[in-house]
Amino acid sequence: MSRQQNKAVTLTARLARNLTLAAIVLAASFSFANNGNRHRISPELAQFVKRYQSGVVSNQTVRVIVQFTKQPTTDHDKKMGRFGGRAMRRLGIVKAGVYTIPVSMLPLLENESEIVHVSLDHPVQLTSSDYFEQSVKGDIARSYGWDGTGVGVAIIDSGISDHPDLHDPATGRSRVVYSESFVPGLDASDGYGHGTHVAGIIGGNGVASNGYITGVAPHVNLIDFRVLDSTGAGSDSYVIAAIQRAIALKDTYNIRVLNLSLGRPVSESFTTDPLCQAVESAWKAGIVVVAAAGNMGRDNEFGTNGYGLIGVPGVDPYVITVGSMNTVGTADTTDDVLATYSSKGPTMIDHIVKPDLVAPGNQIQSLMAPGNFLVTELPQAAVNPLQYGNFTGKVRYMTLSGTSMATPVVAGTVALLLQQDPTSTPDAIKARLMRTASKSFPTQSVITDPATGQQFTENYDLFAIGAGYLNVTAALNDTDPVQGSAVSPVAMFNSDGSVSVQSDLRSVFGSTLPSATSVIWGNSAVFANSVVWGNSVLCGNSVIWGNSVIWGNNSLAANSVIWGNSVIWGNSVIWGNSVIWGNSVLSGD
């Protein structure tokens with residue numbers, strides 16, 4: 001085995017050792033006061049308390065996000081101080097503050113009427129020529145003259161390092177018009193390598209590759225918000241603070257799109273999760289939020305074959321959640337297959353129908369930040385400059401795979417749509433993308449991992465491919481009017497064992513969500529034959545839910561079981577932390 005292969009295997013082993021597989025956290029009744037309606041403390045924090053009270057763990061300090069009834073002030077900080085809390089950051093976007101607090105003090109917060117909800121400040125990490133542009137017809141869109149000019153796209157990631165492909169050839173100025181780090185002690189450059197790669201998929205202009213490797217919107221302006229350190233680690237509060245800044249700077253830099261190629265597992269309903277509340281605030285402020293579905297599609301820990309494992313904030317019904325396709329190295333879409341690592345819906349706890357659509361995310365070539373962690377650990381990710389005529393004599397590109405890479409393909413497309421029609425609302429953009437997505441899929445495909453020989457059977461149903469495969473030119477040519485909300489519907493498990501979908505989220509989650517009359521999903525055109533509306537069941541036998549854990553008495557979606565916070569979307573970015581397969585970490589499936 002070569003030194004390079006040894007290094008890849010060593011990294012794989014180290015990542016595997018660091019991974020604690022998804023824990024089943026029983027959300028039993030709290031042993032402390034109930035506020036008369038629902039608990040203020042999230043179920044997983046309740047488990048921290050239970051473990052402390054039973055003597056399993058010591059009185060450790062945890063970092064939490066506390067949502068208040070109004071904007072937090074120094075008075076709130078002082079009150080939290082009386083419980084041993086130390087203020088870390090204000091998150092006005094969700095009327096919250098970030099605090100460290102001893103676990104023993106958490107039960108006392110149940111009696112504080114000014115507190116709405118207390119959540120763990122979760123760690124977040126990444127999800128992570130290929131013909132991707134041709135597959136979604138992005139090259140044709142550029143021939144129409146749409147290139148993202150004037151549109152600002154905020155990238156919340158590991159930072160963006162300087163690269164020739166992110167400069168305006170006419171002026172020489174960088175199109176990264178604003179940079180800020182929310183990671184204490186670090187600047188906004190990209191030590192990990194993920195954010196720069198994402199930036200190139202959205203807006204690289206191909207200068208350093210003689211035009212071979214380009215992004216979807218090569219003249220777009222980019223806003224760099226760093227929330228992840230040089231190993232790909234961050235937290236909810238960093239991401240929320242960045243979203244808050246994006247909203248504040250929206251008009252200054254015409255920020256119309258937010259790319260979130262990162263996430264973490266579900267720990268509570270989207271209706272209380274602070275990260276979900278933050279992305280909803282951005283959406284309602286007029287910013288289209290595009291989020292990765294996650295890379296847990298090969299995870300069968302719960303016997304679901306990757307179903308029910310969409311990550312946060314992709315679980316939120318407002319945002320556009322993107323799964324990954326594999327172009328298998330051709331421009332022809334007829335041979336494209338679903339990437340086996342792409343997470344599938346419905347979402348845990350709330351059963352939201354996700355992903356919303358799929359886009360190319362496998363073996364994507366894009367920009368490489370100099371000396372980044374990923375290419376240092378996995379040098380085979382680097383693209384040989386001789387492949388493109390040795391234009392610069394330097395290695396400037398690398399290859400990564402994951403829903404992290406599919407997400408910016410959609411974000412770049414959104415920039416084109418907003419350049420075409422700046423008056424479009426986030427809901428209108430989401431509706432256009434979903435109803436024009438290609439719906440020509442096989443019922444099923446069998447995919448073999450080239451390294452291990454392992455076979456995966458993929459079903460092209462509602463919870464795997466959503467509304468279909470991104471089609472850029474079809475979306476640009478769509479002129480049908482769009483009115484109302486485009487929140488994703490909720491899947492309902494019926495007493496006869498069938499599954500149907502409900503577009504009226506207000507009837508399920510309460511008055512803060514859109515009613516049936518304001519929702520645009522009025523017929524089956526959006527999801528084609530993968531769903532029949534009304535009280536009908538999902539078509540075909542591609543998904544037989546039966547007594548599976550997603551719906552049964554041991555439900556992942558019920559309050560009795562929650563996907564543990566110990567699993568994060570992996571350090572590798574390439575597959576996600578839980579699925580590194582043999583020596584094929586970069587080869588895709």
# chains A, B, ... in the order shown; residues from 1 in each chain; ligands from 1
>>> closest_atom_pairs(of="stretch 254-367 of chain A", to="stretch 224-234 of chain A", cutoff="12 Å", atoms="only C-alpha atoms", output="tab-separated table")
residue	atom	partner	partner_atom	distance
A:Ile255	CA	A:Asp224	CA	11.3
A:Leu258	CA	A:Phe225	CA	10.3
A:Asn259	CA	A:Phe225	CA	10.3
A:Leu260	CA	A:Phe225	CA	10.5
A:Ser261	CA	A:Leu228	CA	11.3
A:Leu262	CA	A:Leu228	CA	9.5
A:Gly263	CA	A:Gly234	CA	9.8
A:Arg264	CA	A:Gly234	CA	10.4
>>> write_last_selection(atoms="N, CA and C atoms", output="PDB file, in the first residue's frame")
ATOM      1  N   ILE A 255     -27.799  40.763  -0.441  1.00  0.00           N
ATOM      2  CA  ILE A 255     -27.763  39.334  -0.097  1.00  0.00           C
ATOM      3  C   ILE A 255     -29.153  38.743  -0.310  1.00  0.00           C
ATOM      4  N   LEU A 258     -28.657  32.376   0.721  1.00  0.00           N
ATOM      5  CA  LEU A 258     -27.846  31.896   1.842  1.00  0.00           C
ATOM      6  C   LEU A 258     -27.555  30.424   1.619  1.00  0.00           C
ATOM      7  N   ASN A 259     -26.254  30.056   1.526  1.00  0.00           N
ATOM      8  CA  ASN A 259     -25.863  28.664   1.319  1.00  0.00           C
ATOM      9  C   ASN A 259     -25.375  28.060   2.625  1.00  0.00           C
ATOM     10  N   LEU A 260     -25.995  26.945   3.015  1.00  0.00           N
ATOM     11  CA  LEU A 260     -25.638  26.246   4.248  1.00  0.00           C
ATOM     12  C   LEU A 260     -25.298  24.790   3.925  1.00  0.00           C
ATOM     13  N   SER A 261     -24.049  24.550   3.547  1.00  0.00           N
ATOM     14  CA  SER A 261     -23.585  23.195   3.271  1.00  0.00           C
ATOM     15  C   SER A 261     -23.029  22.581   4.554  1.00  0.00           C
ATOM     16  N   LEU A 262     -23.821  22.611   5.585  1.00  0.00           N
ATOM     17  CA  LEU A 262     -23.416  22.097   6.892  1.00  0.00           C
ATOM     18  C   LEU A 262     -24.668  21.720   7.664  1.00  0.00           C
ATOM     19  N   GLY A 263     -24.483  21.158   8.831  1.00  0.00           N
ATOM     20  CA  GLY A 263     -25.651  20.803   9.630  1.00  0.00           C
ATOM     21  C   GLY A 263     -25.314  19.849  10.748  1.00  0.00           C
ATOM     22  N   ARG A 264     -26.333  19.335  11.340  1.00  0.00           N
ATOM     23  CA  ARG A 264     -26.209  18.396  12.458  1.00  0.00           C
ATOM     24  C   ARG A 264     -27.510  17.608  12.575  1.00  0.00           C
TER      25      ARG A 264
END
>>> residues_around(residues="A:Tyr341", least_positions_apart="2", cutoff="7 Å", atoms="only C-alpha atoms", output="short mmCIF file (atom, residue, chain, number, x, y, z; two decimals) with N, CA and C atoms, in the first residue's frame")
data_model
loop_
_atom_site.label_atom_id
_atom_site.label_comp_id
_atom_site.auth_asym_id
_atom_site.auth_seq_id
_atom_site.Cartn_x
_atom_site.Cartn_y
_atom_site.Cartn_z
N ASN A 295 -25.42 13.53 4.66
CA ASN A 295 -24.76 12.40 4.01
C ASN A 295 -24.94 11.09 4.77
N MET A 296 -26.14 10.85 5.26
CA MET A 296 -26.40 9.66 6.08
C MET A 296 -27.18 8.59 5.32
N GLY A 297 -27.19 8.66 4.00
CA GLY A 297 -28.01 7.74 3.21
C GLY A 297 -27.61 6.28 3.31
N ARG A 298 -26.36 6.01 3.70
CA ARG A 298 -25.94 4.62 3.86
C ARG A 298 -26.08 4.13 5.30
N ALA A 339 -26.98 9.49 -5.37
CA ALA A 339 -25.79 9.16 -4.58
C ALA A 339 -26.24 8.39 -3.34
N SER A 343 -28.92 11.73 2.25
CA SER A 343 -29.93 11.46 3.28
C SER A 343 -31.34 11.60 2.71
N TRP A 575 -17.79 12.12 2.68
CA TRP A 575 -18.97 11.28 2.84
C TRP A 575 -19.78 11.66 4.06
#
>>> select_by_dssp(residues="stretch 264-471 of chain A", states="strand (DSSP E or B)", output="ChimeraX atom specification")
/A:264,288-292,312,320-326,337-338,352,357-360,364-367,382,397-400,438,444-448,455-459,469
>>> residues_around(residues="A:Ala188", least_positions_apart="4", cutoff="8 Å", atoms="only C-alpha atoms", output="MDAnalysis selection string")
chainID A and resid 158:161 179:181 224:226
>>> closest_residue(among="A:Asp147, A:Asp168, A:Asp236, A:Asp299", to="A:Leu418", atoms="only C-alpha atoms")
A:Asp147
>>> closest_residue(among="A:Thr196, A:Ser507, A:Asn459, A:Ser324", to="A:Val409", atoms="only C-alpha atoms")
A:Ser324
>>> residues_around(residues="A:Thr399", least_positions_apart="5", cutoff="6 Å", atoms="only C-alpha atoms", output="JSON, numbers by chain")
{"A": [363, 364, 365, 381]}
>>> atom_distance(atom1="atom CA of A:Ala359", atom2="atom CA of A:Gly203")
16.3 Å
>>> closest_residue(among="A:Asp356, A:Asp461, A:Asp316, A:Asp335", to="A:Ile447", atoms="only C-alpha atoms")
A:Asp335
